[in-house]
$ cat data37.txt   # compact mmCIF, C-alpha atoms and all ligand atoms
# COMPACT_ATOMS: atom_id res chain seq x y z
CA MET A 28 7.20 20.94 -13.99
CA ALA A 29 6.99 24.70 -13.34
CA PRO A 30 10.27 26.63 -13.40
CA GLY A 31 11.84 26.97 -9.99
CA TRP A 32 10.60 23.59 -8.82
CA ALA A 33 12.42 20.31 -8.69
CA LEU A 34 12.34 16.95 -7.01
CA ALA A 35 14.47 17.38 -3.93
CA ARG A 36 15.74 15.52 -0.96
CA VAL A 37 14.05 17.19 1.99
CA GLY A 38 12.87 16.48 5.47
CA PRO A 39 14.03 16.65 9.04
CA GLY A 40 17.78 16.08 9.34
CA ARG A 41 17.27 13.10 11.57
CA CYS A 42 14.84 11.47 9.19
CA PRO A 43 15.76 12.28 5.60
CA PHE A 44 13.82 10.79 2.72
CA LEU A 45 13.18 11.37 -0.93
CA LEU A 46 9.93 13.24 -1.19
CA THR A 47 8.07 12.32 -4.35
CA ILE A 48 6.45 15.68 -4.89
CA ALA A 49 8.02 18.80 -6.25
CA VAL A 50 9.58 21.12 -3.73
CA SER A 51 10.05 24.85 -4.02
CA ARG A 52 13.49 26.24 -4.76
CA ARG A 53 12.26 29.70 -3.81
CA PRO A 54 13.82 30.80 -0.53
CA TRP A 55 11.56 30.44 2.50
CA SER A 56 12.73 32.71 5.28
CA HIS A 57 10.03 32.34 7.92
CA ARG A 58 10.90 30.43 11.03
CA HIS A 59 7.36 30.89 12.38
CA VAL A 60 4.07 31.89 10.77
CA LEU A 61 2.59 34.55 13.03
CA ASP A 62 1.10 37.11 10.67
CA LEU A 63 0.79 37.72 6.92
CA ALA A 64 2.09 41.30 7.13
CA ALA A 65 5.59 39.89 6.61
CA PHE A 66 4.66 37.80 3.53
CA SER A 67 6.12 38.74 0.16
CA PRO A 68 4.57 37.91 -3.24
CA ASP A 69 7.10 35.03 -3.47
CA ASP A 70 5.88 33.67 -0.13
CA TYR A 71 2.28 33.66 -1.40
CA ALA A 72 3.40 31.97 -4.61
CA THR A 73 5.28 29.30 -2.67
CA VAL A 74 2.34 28.51 -0.37
CA LEU A 75 -0.21 28.46 -3.21
CA ASP A 76 1.96 26.24 -5.37
CA LEU A 77 2.72 23.77 -2.61
CA ALA A 78 -0.90 23.67 -1.40
CA GLY A 79 -1.96 23.01 -5.00
CA ARG A 80 0.36 20.02 -5.12
CA PHE A 81 -0.92 18.68 -1.80
CA ALA A 82 -4.52 19.23 -2.90
CA ALA A 83 -3.90 17.20 -6.04
CA LEU A 84 -2.81 14.14 -4.05
CA PRO A 85 -5.40 11.39 -3.83
CA THR A 86 -7.46 11.57 -0.66
CA THR A 87 -8.15 7.86 -0.56
CA GLY A 88 -5.83 4.86 -0.37
CA GLN A 89 -2.22 5.91 0.28
CA ARG A 90 -3.05 9.27 1.84
CA ARG A 91 0.04 9.87 3.92
CA LEU A 92 3.29 11.43 2.81
CA PRO A 93 6.34 10.71 4.96
CA ALA A 94 7.40 14.39 4.98
CA LEU A 95 7.09 14.97 8.74
CA GLN A 96 7.80 11.46 9.95
CA GLY A 97 9.44 11.64 13.36
CA ARG A 98 8.12 15.16 13.95
CA LEU A 99 5.78 16.10 16.77
CA VAL A 100 3.07 18.72 16.16
CA THR A 101 1.24 20.05 19.23
CA THR A 102 -2.04 21.95 18.92
CA LEU A 103 -2.44 24.38 21.83
CA PHE A 104 -5.93 25.83 21.52
CA PHE A 105 -6.90 28.12 24.39
CA GLU A 106 -10.07 29.14 22.50
CA PRO A 107 -12.76 26.94 20.91
CA SER A 108 -12.35 25.74 17.34
CA THR A 109 -13.97 23.27 14.96
CA ARG A 110 -12.32 23.79 11.58
CA THR A 111 -8.88 25.16 12.32
CA ARG A 112 -7.83 22.67 14.94
CA SER A 113 -9.18 19.60 13.13
CA SER A 114 -7.66 20.59 9.83
CA PHE A 115 -4.23 21.34 11.35
CA GLU A 116 -4.32 17.92 13.01
CA LEU A 117 -5.44 16.18 9.83
CA ALA A 118 -2.80 18.05 7.83
CA ALA A 119 -0.09 16.99 10.28
CA ARG A 120 -1.23 13.36 10.11
CA ARG A 121 -1.30 13.40 6.31
CA LEU A 122 2.37 14.38 6.51
CA SER A 123 3.00 11.49 8.97
CA ALA A 124 3.73 13.70 11.98
CA ASP A 125 2.81 12.63 15.50
CA VAL A 126 0.07 14.88 16.84
CA GLN A 127 -0.61 15.89 20.42
CA SER A 128 -3.58 18.07 21.27
CA PHE A 129 -4.15 20.07 24.40
CA SER A 130 -7.48 21.08 25.94
CA PRO A 131 -7.36 23.87 28.53
CA ALA A 132 -10.28 22.56 30.60
CA THR A 133 -8.61 19.20 31.28
CA SER A 134 -5.03 20.49 31.62
CA ALA A 135 -2.87 21.75 34.49
CA LEU A 136 -3.86 25.29 33.45
CA VAL A 137 -6.81 24.86 35.82
CA LYS A 138 -4.26 24.22 38.59
CA GLY A 139 -2.58 27.53 37.84
CA GLU A 140 0.20 26.49 35.43
CA SER A 141 1.09 29.39 33.12
CA LEU A 142 0.62 29.33 29.39
CA GLN A 143 4.36 29.58 28.85
CA ASP A 144 5.12 26.69 31.20
CA THR A 145 2.41 24.65 29.49
CA ALA A 146 4.05 25.22 26.12
CA LEU A 147 7.52 24.44 27.51
CA THR A 148 6.16 21.16 28.89
CA TYR A 149 5.17 20.08 25.37
CA VAL A 150 8.52 21.24 24.03
CA ALA A 151 10.23 19.14 26.70
CA MET A 152 8.29 16.15 25.35
CA GLY A 153 9.86 16.82 21.95
CA SER A 154 7.37 19.03 20.16
CA ASP A 155 8.80 20.53 16.95
CA LEU A 156 5.81 22.67 15.95
CA LEU A 157 3.33 24.43 18.20
CA VAL A 158 0.03 25.47 16.63
CA VAL A 159 -1.36 28.12 18.97
CA ARG A 160 -4.76 29.80 19.29
CA HIS A 161 -5.51 32.29 22.04
CA ALA A 162 -8.08 34.98 22.79
CA CYS A 163 -5.30 37.53 23.37
CA ALA A 164 -3.37 39.13 20.53
CA GLN A 165 0.38 38.38 20.31
CA VAL A 166 0.35 35.23 22.46
CA PRO A 167 1.84 33.09 19.63
CA ALA A 168 4.46 35.79 18.89
CA THR A 169 5.41 36.08 22.56
CA LEU A 170 5.75 32.32 22.80
CA ALA A 171 7.90 32.24 19.67
CA ALA A 172 10.18 34.94 21.14
CA THR A 173 10.47 33.02 24.43
CA LEU A 174 11.42 29.82 22.64
CA GLU A 175 13.98 31.61 20.49
CA GLY A 176 15.35 33.35 23.59
CA ARG A 177 16.01 29.91 25.06
CA GLY A 178 17.72 28.74 21.90
CA LEU A 179 14.95 26.24 21.11
CA ARG A 180 14.30 25.48 17.44
CA VAL A 181 10.56 25.06 17.72
CA ALA A 182 8.29 26.63 15.11
CA VAL A 183 5.12 28.46 16.16
CA LEU A 184 2.11 28.66 13.89
CA ASN A 185 -0.54 31.22 14.81
CA ALA A 186 -3.99 29.62 14.58
CA GLY A 187 -5.76 32.84 15.57
CA ASP A 188 -4.80 35.40 18.26
CA GLY A 189 -7.44 37.80 19.54
CA LEU A 190 -8.43 40.33 16.92
CA HIS A 191 -4.93 40.37 15.46
CA SER A 192 -4.29 37.65 12.93
CA HIS A 193 -5.35 34.28 11.53
CA PRO A 194 -2.75 33.58 8.85
CA SER A 195 -3.77 30.04 7.86
CA GLN A 196 -7.37 31.22 7.31
CA GLY A 197 -6.15 34.18 5.23
CA LEU A 198 -4.08 31.79 3.12
CA LEU A 199 -6.85 29.25 2.64
CA ASP A 200 -9.21 32.04 1.58
CA LEU A 201 -6.54 33.24 -0.85
CA PHE A 202 -6.08 29.70 -2.17
CA THR A 203 -9.85 29.25 -2.59
CA LEU A 204 -10.17 32.48 -4.55
CA ALA A 205 -7.02 31.85 -6.60
CA ARG A 206 -8.28 28.38 -7.60
CA TYR A 207 -11.64 29.83 -8.55
CA PHE A 208 -10.15 32.61 -10.68
CA ALA A 209 -7.45 30.38 -12.20
CA GLY A 210 -9.96 27.92 -13.65
CA ALA A 211 -7.85 25.33 -15.47
CA GLY A 212 -4.75 27.58 -15.38
CA PRO A 213 -1.96 27.79 -12.81
CA VAL A 214 -2.92 28.85 -9.29
CA THR A 215 -0.63 31.84 -8.74
CA PRO A 216 -1.01 35.15 -6.89
CA ASP A 217 -1.26 36.93 -10.28
CA VAL A 218 -4.80 35.67 -10.80
CA LEU A 219 -5.87 37.94 -7.92
CA ALA A 220 -4.38 41.14 -9.39
CA GLY A 221 -6.96 43.84 -10.07
CA ARG A 222 -9.88 41.80 -8.67
CA ARG A 223 -12.48 43.57 -6.56
CA ILE A 224 -13.14 41.55 -3.40
CA VAL A 225 -15.94 42.74 -1.10
CA ILE A 226 -15.66 41.80 2.59
CA VAL A 227 -18.86 42.51 4.49
CA GLY A 228 -19.66 42.36 8.18
CA ASP A 229 -17.94 42.55 11.54
CA VAL A 230 -14.50 43.64 10.36
CA LEU A 231 -13.63 45.25 13.72
CA HIS A 232 -13.62 41.94 15.61
CA SER A 233 -12.28 39.82 12.78
CA ARG A 234 -8.71 38.54 12.71
CA VAL A 235 -9.74 36.79 9.48
CA ALA A 236 -10.47 40.15 7.83
CA ARG A 237 -7.09 41.52 8.95
CA SER A 238 -5.22 38.51 7.52
CA ASN A 239 -7.25 38.69 4.31
CA LEU A 240 -6.41 42.38 3.96
CA TRP A 241 -2.67 41.59 3.98
CA ALA A 242 -3.02 38.55 1.72
CA LEU A 243 -5.41 39.95 -0.88
CA THR A 244 -3.72 43.33 -1.25
CA GLY A 245 -0.35 41.54 -1.20
CA CYS A 246 -1.45 39.72 -4.36
CA GLY A 247 -2.72 42.92 -5.97
CA ALA A 248 -6.47 42.60 -5.31
CA ASP A 249 -8.52 45.65 -4.29
CA VAL A 250 -10.61 45.13 -1.17
CA VAL A 251 -13.90 46.88 -0.45
CA LEU A 252 -14.83 46.62 3.23
CA CYS A 253 -18.52 47.04 3.96
CA GLY A 254 -20.32 47.39 7.28
CA PRO A 255 -21.80 49.87 9.76
CA PRO A 256 -19.42 52.31 11.56
CA SER A 257 -19.81 50.36 14.83
CA LEU A 258 -18.32 47.24 13.19
CA LEU A 259 -16.07 48.91 10.63
CA PRO A 260 -14.17 52.02 11.77
CA GLU A 261 -13.11 54.34 8.95
CA ALA A 262 -9.44 53.78 9.92
CA PHE A 263 -9.53 50.37 8.20
CA ALA A 264 -9.14 52.21 4.89
CA ASP A 265 -5.50 52.78 5.92
CA PHE A 266 -4.91 49.30 7.30
CA VAL A 267 -2.22 48.32 4.79
CA ALA A 268 -1.06 51.86 3.92
CA ALA A 269 1.97 52.04 6.22
CA PRO A 270 4.79 49.49 6.48
CA PRO A 271 3.54 46.59 8.59
CA PRO A 272 4.08 47.01 12.35
CA GLY A 273 7.66 46.27 13.38
CA GLN A 274 8.91 46.17 9.76
CA PRO A 275 10.94 49.01 8.20
CA LEU A 276 9.65 48.17 4.71
CA ASP A 277 6.59 46.55 3.21
CA PRO A 278 7.66 43.25 1.53
CA VAL A 279 5.04 43.97 -1.16
CA ALA A 280 6.02 46.70 -3.64
CA ARG A 281 2.52 47.36 -5.02
CA ARG A 282 -0.41 46.45 -2.86
CA GLY A 283 -4.03 46.57 -3.93
CA ARG A 284 -6.21 49.34 -2.51
CA VAL A 285 -8.60 49.24 0.45
CA GLN A 286 -11.87 51.15 0.47
CA VAL A 287 -14.54 51.48 3.17
CA GLU A 288 -18.13 51.48 1.95
CA ARG A 289 -21.17 51.71 4.22
CA SER A 290 -23.81 50.53 1.78
CA LEU A 291 -23.94 47.05 0.23
CA GLU A 292 -25.82 48.55 -2.71
CA ARG A 293 -22.72 50.59 -3.53
CA ALA A 294 -20.15 47.94 -2.55
CA LEU A 295 -21.44 44.99 -4.58
CA PRO A 296 -21.66 46.25 -8.19
CA GLY A 297 -18.57 45.06 -10.06
CA ALA A 298 -17.44 42.67 -7.31
CA ASP A 299 -15.48 39.59 -8.38
CA ALA A 300 -16.11 37.77 -5.09
CA VAL A 301 -17.88 38.46 -1.81
CA MET A 302 -16.83 37.33 1.65
CA ALA A 303 -19.17 37.61 4.62
CA LEU A 304 -17.88 37.68 8.20
CA ARG A 305 -19.56 36.36 11.30
CA LEU A 306 -21.00 38.79 13.84
CA GLN A 307 -18.57 37.94 16.63
CA LYS A 308 -20.85 38.44 19.59
CA GLU A 309 -18.39 36.85 22.03
CA ARG A 310 -15.84 39.56 21.22
CA MET A 311 -18.24 42.51 21.44
CA ARG A 312 -18.06 44.41 24.70
CA GLN A 313 -21.34 46.22 24.05
CA ASN A 314 -24.34 45.94 21.79
CA LEU A 315 -23.02 47.23 18.49
CA ILE A 316 -26.06 46.51 16.34
CA THR A 317 -29.72 47.31 16.92
CA SER A 318 -30.96 43.78 16.17
CA LEU A 319 -30.00 40.71 14.19
CA ASP A 320 -33.01 41.25 11.94
CA ALA A 321 -32.01 44.83 11.20
CA TYR A 322 -28.45 43.69 10.50
CA HIS A 323 -29.63 40.99 8.11
CA ARG A 324 -31.83 43.48 6.27
CA GLN A 325 -28.94 45.90 5.79
CA TYR A 326 -25.88 43.68 5.48
CA GLY A 327 -27.10 40.10 5.15
CA LEU A 328 -26.46 38.29 1.86
CA SER A 329 -29.04 36.37 -0.13
CA HIS A 330 -29.39 35.31 -3.77
CA ALA A 331 -31.31 38.51 -4.50
CA ARG A 332 -28.66 40.71 -2.88
CA LEU A 333 -25.85 39.05 -4.80
CA GLU A 334 -27.56 39.99 -8.06
CA LEU A 335 -26.28 43.51 -7.35
CA CYS A 336 -22.80 42.24 -8.29
CA GLY A 337 -23.97 42.14 -11.91
CA ALA A 338 -22.47 38.70 -12.54
CA GLU A 339 -22.41 35.30 -10.82
CA VAL A 340 -19.69 35.72 -8.24
CA PRO A 341 -18.52 33.27 -5.58
CA LEU A 342 -19.39 33.70 -1.93
CA LEU A 343 -17.01 32.96 0.94
CA HIS A 344 -17.39 32.85 4.73
CA PRO A 345 -14.71 31.61 7.15
CA GLY A 346 -17.32 29.96 9.35
CA PRO A 347 -18.89 29.39 11.75
CA VAL A 348 -21.93 31.03 10.13
CA ASN A 349 -24.86 32.61 11.98
CA ARG A 350 -27.38 31.14 9.55
CA GLY A 351 -29.98 33.72 8.53
CA VAL A 352 -27.88 36.62 9.83
CA GLU A 353 -24.78 37.06 7.62
CA LEU A 354 -26.11 34.68 4.96
CA SER A 355 -29.55 33.41 4.12
CA GLY A 356 -29.92 29.64 4.59
CA PRO A 357 -30.63 28.98 0.88
CA LEU A 358 -27.50 30.91 -0.17
CA LEU A 359 -25.30 29.07 2.33
CA ASP A 360 -26.63 25.73 1.06
CA ASP A 361 -26.26 26.63 -2.63
CA GLY A 362 -23.14 24.73 -3.67
CA ALA A 363 -23.05 26.55 -7.01
CA ARG A 364 -22.53 29.95 -5.33
CA SER A 365 -21.14 29.24 -1.89
CA LEU A 366 -17.48 28.22 -1.54
CA VAL A 367 -17.84 27.72 2.21
CA GLU A 368 -17.31 23.95 2.06
CA GLU A 369 -14.53 24.42 -0.47
CA GLN A 370 -12.81 26.74 2.03
CA VAL A 371 -12.99 24.01 4.67
CA ARG A 372 -11.53 21.45 2.23
CA ASN A 373 -8.78 23.84 1.15
CA GLY A 374 -7.75 24.36 4.77
CA ILE A 375 -6.09 20.94 4.78
CA PRO A 376 -3.59 21.40 1.90
CA ILE A 377 -2.86 24.96 3.02
CA ARG A 378 -2.01 23.77 6.53
CA MET A 379 0.00 20.87 5.09
CA ALA A 380 1.98 23.44 3.11
CA LEU A 381 2.63 25.60 6.19
CA LEU A 382 3.64 22.68 8.40
CA TYR A 383 5.84 21.35 5.63
CA LEU A 384 7.56 24.67 4.94
CA LEU A 385 8.35 25.25 8.60
CA ALA A 386 9.63 21.73 9.19
CA ALA A 387 11.55 21.45 5.93
CA GLY A 388 13.05 24.89 6.53
CA ASP A 389 14.42 23.61 9.81
CA ASP A 390 17.33 21.75 8.21
CA GLY A 391 17.83 24.24 5.45
CA ALA A 392 16.18 22.12 2.79
CA GLY A 393 13.46 23.23 0.44
C1 LIG A 401 -12.69 32.38 12.56
C2 LIG A 401 -11.91 32.68 13.81
O1 LIG A 401 -11.84 31.86 14.74
O2 LIG A 401 -11.35 33.75 13.85
N1 LIG A 401 -13.09 31.07 12.41
C3 LIG A 401 -12.25 30.17 11.84
O3 LIG A 401 -11.14 29.96 12.27
N2 LIG A 401 -12.71 29.55 10.74
C4 LIG A 401 -13.81 33.32 12.33
C5 LIG A 401 -14.89 33.41 13.36
O4 LIG A 401 -14.77 32.93 14.47
O5 LIG A 401 -15.91 34.02 13.02
$ encode --input "data37.txt" --output "structure tokens"
Amino acid sequence: MAPGWALARVGPGRCPFLLTIAVSRRPWSHRHVLDLAAFSPDDYATVLDLAGRFAALPTTGQRRLPALQGRLVTTLFFEPSTRTRSSFELAARRLSADVQSFSPATSALVKGESLQDTALTYVAMGSDLLVVRHACAQVPATLAATLEGRGLRVAVLNAGDGLHSHPSQGLLDLFTLARYFAGAGPVTPDVLAGRRIVIVGDVLHSRVARSNLWALTGCGADVVLCGPPSLLPEAFADFVAAPPPGQPLDPVARRGRVQVERSLERALPGADAVMALRLQKERMRQNLITSLDAYHRQYGLSHARLELCGAEVPLLHPGPVNRGVELSGPLLDDGARSLVEEQVRNGIPIRMALLYLLAAGDDGAG
């Protein structure tokens, strides 16, 4: 067993049990998970380690752990989702939580109920964890502040808010890369240190890119952002330069660097991994590219393009993919190069880890 880990008695105070997996002794200070700007290297280590343990559990037969028995997890998605919502719900079920999911179109929202009153309704039914996605930035944070203001011990997990943040996606991308680089070794943040990760595409509209910037640089990786000026303003080079918003100090002493590069031909050589981002047409207020064809020619990835990296490097994409735009179909379908399905699979243990850490933290255990 790795140092700092031990079998421990954890779980909600009203339903204690002996959990038969190792539990972190590192302190976990987050009451909510709203953003990765506040994550320290220890936080990344804790999440990666725990996710690794959940990922190693058999996925057939006895699949459920009793960790969140008696807990109620509510998914409040005010924006469409395929992967994030399903994997949060699956993760909650694998930890034996009860799961309630809300759909705006069939809810009292259409009768004029406010978002806050909707959330409070689920809390009144006993919800312990709210997993929130919204098209506007800061909705999960505002909800968390409201709940705290009322003295309610309900954890809020941000499942994507506007252009701001998508912490569980940033962490599953980190986990996917860390597992790839670790090979048979331990999956720790250190395996990211000094790596060159290229992120190409619509950075401006991507909350995934923002969360990846915090996570990757927080583990010491250098990030090269690549895209046209309309989708990647120069200011992104300074994204992690100042202390994170609202924090006097950066919890990471030595972050990796961020560089903006307009040409893929200059960005790719020497890359250790490449991540493509979807062109987020629904978030664009105006036409920011001349045509999808032109975009694919300049910034689309294919087997031939990836040869510029100089070595066989893995390819990531958070999905959903515009097939033939960000990635060629053959590259997306090439299981030897594309980690896209692996990212989806890794979303489950990462979300189990987050749900577990927030719930276990509730009674001071863990
Ligand atoms: C992302 C999102 O919703 O921000 N998708 C996801 O959660 N996997 C990225 C996107 O929509 O392009």
$ residues_near_ligand --input "data37.txt" --ligand "ligand LIG 401 (chain A)" --cutoff "7 Å" --atoms "only C-alpha atoms and all ligand atoms" --output "JSON, numbers by chain"
{"A": [108, 110, 111, 187, 193, 196, 233, 234, 235, 304, 305, 307, 345, 346, 347]}
$ residues_around --input "data37.txt" --residues "Val218 in chain A" --least-positions-apart "2" --cutoff "8 Å" --atoms "only C-alpha atoms" --output "PyMOL selection string"
chain A and resi 205+208-209+214-216+220
$ closest_atom_pairs --input "data37.txt" --of "range 111-225 of chain A" --to "range 360-370 of chain A" --cutoff "10 Å" --atoms "all atoms listed in the file" --output "tab-separated table"
residue	atom	partner	partner_atom	distance
A:Gln196	CA	A:Gln370	CA	8.8
A:Leu199	CA	A:Gln370	CA	6.5
A:Asp200	CA	A:Gln370	CA	6.4
A:Leu201	CA	A:Gln370	CA	9.5
A:Phe202	CA	A:Gln370	CA	8.5
A:Thr203	CA	A:Gln370	CA	6.0
A:Leu204	CA	A:Leu366	CA	9.0
A:Tyr207	CA	A:Leu366	CA	9.3
$ atom_distance --input "data37.txt" --atom1 "CA of Tyr149 in chain A" --atom2 "CA of Leu179 in chain A"
12.3 Å
$ atom_distance --input "data37.txt" --atom1 "CA of Leu122 in chain A" --atom2 "CA of Met379 in chain A"
7.1 Å
$ closest_residue --input "data37.txt" --among "A:Arg289, A:Arg98, A:Arg91, A:Arg121" --to "Cys253 in chain A" --atoms "only C-alpha atoms"
A:Arg289
$ residues_around --input "data37.txt" --residues "Pro93 in chain A" --least-positions-apart "2" --cutoff "6 Å" --atoms "all atoms listed in the file" --output "NGL selection string"
:A and (95-96 or 122-123)
$ atom_distance --input "data37.txt" --atom1 "CA of Leu170 in chain A" --atom2 "CA of Val126 in chain A"
19.3 Å
$ residues_around --input "data37.txt" --residues "Leu157 in chain A" --least-positions-apart "6" --cutoff "10 Å" --atoms "all atoms listed in the file" --output "ChimeraX atom specification"
/A:59,99-104,127-128,146,149-150,167,170-171,181-186,382
$ closest_residue --input "data37.txt" --among "A:Val267, A:Leu259, A:Ala172, A:Leu343" --to "Arg282 in chain A" --atoms "all atoms listed in the file"
A:Val267
$ closest_residue --input "data37.txt" --among "A:Val159, A:Ala119, A:Ala78, A:Ala262" --to "Arg206 in chain A" --atoms "only C-alpha atoms"
A:Ala78
$ residues_around --input "data37.txt" --residues "Ala269 in chain A" --least-positions-apart "4" --cutoff "12 Å" --atoms "only C-alpha atoms" --output "PyMOL selection string"
chain A and resi 64+241+263-265+273-280+282
$ write_last_selection --input "data37.txt" --atoms "C-alpha atoms" --output "PDB file, in the frame of the given file"
ATOM      1  CA  ALA A  64       2.090  41.300   7.130  1.00  0.00           C
ATOM      2  CA  TRP A 241      -2.670  41.590   3.980  1.00  0.00           C
ATOM      3  CA  PHE A 263      -9.530  50.370   8.200  1.00  0.00           C
ATOM      4  CA  ALA A 264      -9.140  52.210   4.890  1.00  0.00           C
ATOM      5  CA  ASP A 265      -5.500  52.780   5.920  1.00  0.00           C
ATOM      6  CA  GLY A 273       7.660  46.270  13.380  1.00  0.00           C
ATOM      7  CA  GLN A 274       8.910  46.170   9.760  1.00  0.00           C
ATOM      8  CA  PRO A 275      10.940  49.010   8.200  1.00  0.00           C
ATOM      9  CA  LEU A 276       9.650  48.170   4.710  1.00  0.00           C
ATOM     10  CA  ASP A 277       6.590  46.550   3.210  1.00  0.00           C
ATOM     11  CA  PRO A 278       7.660  43.250   1.530  1.00  0.00           C
ATOM     12  CA  VAL A 279       5.040  43.970  -1.160  1.00  0.00           C
ATOM     13  CA  ALA A 280       6.020  46.700  -3.640  1.00  0.00           C
ATOM     14  CA  ARG A 282      -0.410  46.450  -2.860  1.00  0.00           C
TER      15      ARG A 282
END
$ closest_residue --input "data37.txt" --among "A:Asn239, A:Thr244, A:Ser154, A:Ser134" --to "Ser195 in chain A" --atoms "all atoms listed in the file"
A:Asn239
$ build_atoms --input "data37.txt" --residues "range 106-112 of chain A" --atoms "all heavy atoms" --output "PDB file, keeping the file's coordinate frame"
ATOM      1  N   GLU A 106      -8.761  28.605  22.916  1.00  0.00           N
ATOM      2  CA  GLU A 106     -10.070  29.140  22.500  1.00  0.00           C
ATOM      3  C   GLU A 106     -10.747  28.053  21.686  1.00  0.00           C
ATOM      4  O   GLU A 106     -10.063  27.267  21.031  1.00  0.00           O
ATOM      5  CB  GLU A 106      -9.822  30.320  21.548  1.00  0.00           C
ATOM      6  CG  GLU A 106     -10.456  31.603  21.918  1.00  0.00           C
ATOM      7  CD  GLU A 106     -10.452  32.599  20.749  1.00  0.00           C
ATOM      8  OE1 GLU A 106     -10.289  32.222  19.575  1.00  0.00           O
ATOM      9  OE2 GLU A 106     -10.620  33.778  21.048  1.00  0.00           O
ATOM     10  N   PRO A 107     -12.082  27.992  21.663  1.00  0.00           N
ATOM     11  CA  PRO A 107     -12.760  26.940  20.910  1.00  0.00           C
ATOM     12  C   PRO A 107     -12.464  26.979  19.411  1.00  0.00           C
ATOM     13  O   PRO A 107     -12.148  28.037  18.865  1.00  0.00           O
ATOM     14  CB  PRO A 107     -14.253  27.209  21.141  1.00  0.00           C
ATOM     15  CG  PRO A 107     -14.307  28.132  22.300  1.00  0.00           C
ATOM     16  CD  PRO A 107     -13.020  28.888  22.346  1.00  0.00           C
ATOM     17  N   SER A 108     -12.579  25.831  18.784  1.00  0.00           N
ATOM     18  CA  SER A 108     -12.350  25.740  17.340  1.00  0.00           C
ATOM     19  C   SER A 108     -12.950  24.448  16.822  1.00  0.00           C
ATOM     20  O   SER A 108     -12.883  23.423  17.498  1.00  0.00           O
ATOM     21  CB  SER A 108     -10.844  25.736  17.064  1.00  0.00           C
ATOM     22  OG  SER A 108     -10.565  25.341  15.747  1.00  0.00           O
ATOM     23  N   THR A 109     -13.527  24.503  15.635  1.00  0.00           N
ATOM     24  CA  THR A 109     -13.970  23.270  14.960  1.00  0.00           C
ATOM     25  C   THR A 109     -13.054  23.028  13.774  1.00  0.00           C
ATOM     26  O   THR A 109     -12.355  22.020  13.694  1.00  0.00           O
ATOM     27  CB  THR A 109     -15.422  23.404  14.474  1.00  0.00           C
ATOM     28  OG1 THR A 109     -16.244  23.624  15.607  1.00  0.00           O
ATOM     29  CG2 THR A 109     -15.887  22.140  13.751  1.00  0.00           C
ATOM     30  N   ARG A 110     -13.036  23.984  12.841  1.00  0.00           N
ATOM     31  CA  ARG A 110     -12.320  23.790  11.580  1.00  0.00           C
ATOM     32  C   ARG A 110     -10.805  23.836  11.722  1.00  0.00           C
ATOM     33  O   ARG A 110     -10.105  22.947  11.244  1.00  0.00           O
ATOM     34  CB  ARG A 110     -12.718  24.906  10.594  1.00  0.00           C
ATOM     35  CG  ARG A 110     -14.137  24.865  10.188  1.00  0.00           C
ATOM     36  CD  ARG A 110     -14.610  26.278   9.808  1.00  0.00           C
ATOM     37  NE  ARG A 110     -16.038  26.271   9.606  1.00  0.00           N
ATOM     38  CZ  ARG A 110     -16.915  26.306  10.602  1.00  0.00           C
ATOM     39  NH1 ARG A 110     -16.532  26.354  11.853  1.00  0.00           N
ATOM     40  NH2 ARG A 110     -18.210  26.275  10.344  1.00  0.00           N
ATOM     41  N   THR A 111     -10.318  24.909  12.345  1.00  0.00           N
ATOM     42  CA  THR A 111      -8.880  25.160  12.320  1.00  0.00           C
ATOM     43  C   THR A 111      -8.105  24.040  13.012  1.00  0.00           C
ATOM     44  O   THR A 111      -7.140  23.502  12.479  1.00  0.00           O
ATOM     45  CB  THR A 111      -8.580  26.522  12.984  1.00  0.00           C
ATOM     46  OG1 THR A 111      -9.416  27.505  12.366  1.00  0.00           O
ATOM     47  CG2 THR A 111      -7.137  26.922  12.812  1.00  0.00           C
ATOM     48  N   ARG A 112      -8.559  23.698  14.195  1.00  0.00           N
ATOM     49  CA  ARG A 112      -7.830  22.670  14.940  1.00  0.00           C
ATOM     50  C   ARG A 112      -7.868  21.325  14.212  1.00  0.00           C
ATOM     51  O   ARG A 112      -6.840  20.675  14.023  1.00  0.00           O
ATOM     52  CB  ARG A 112      -8.461  22.527  16.321  1.00  0.00           C
ATOM     53  CG  ARG A 112      -7.797  21.473  17.150  1.00  0.00           C
ATOM     54  CD  ARG A 112      -8.464  21.452  18.502  1.00  0.00           C
ATOM     55  NE  ARG A 112      -7.805  20.558  19.390  1.00  0.00           N
ATOM     56  CZ  ARG A 112      -7.760  20.735  20.697  1.00  0.00           C
ATOM     57  NH1 ARG A 112      -8.326  21.791  21.241  1.00  0.00           N
ATOM     58  NH2 ARG A 112      -7.176  19.869  21.460  1.00  0.00           N
TER      59      ARG A 112
END
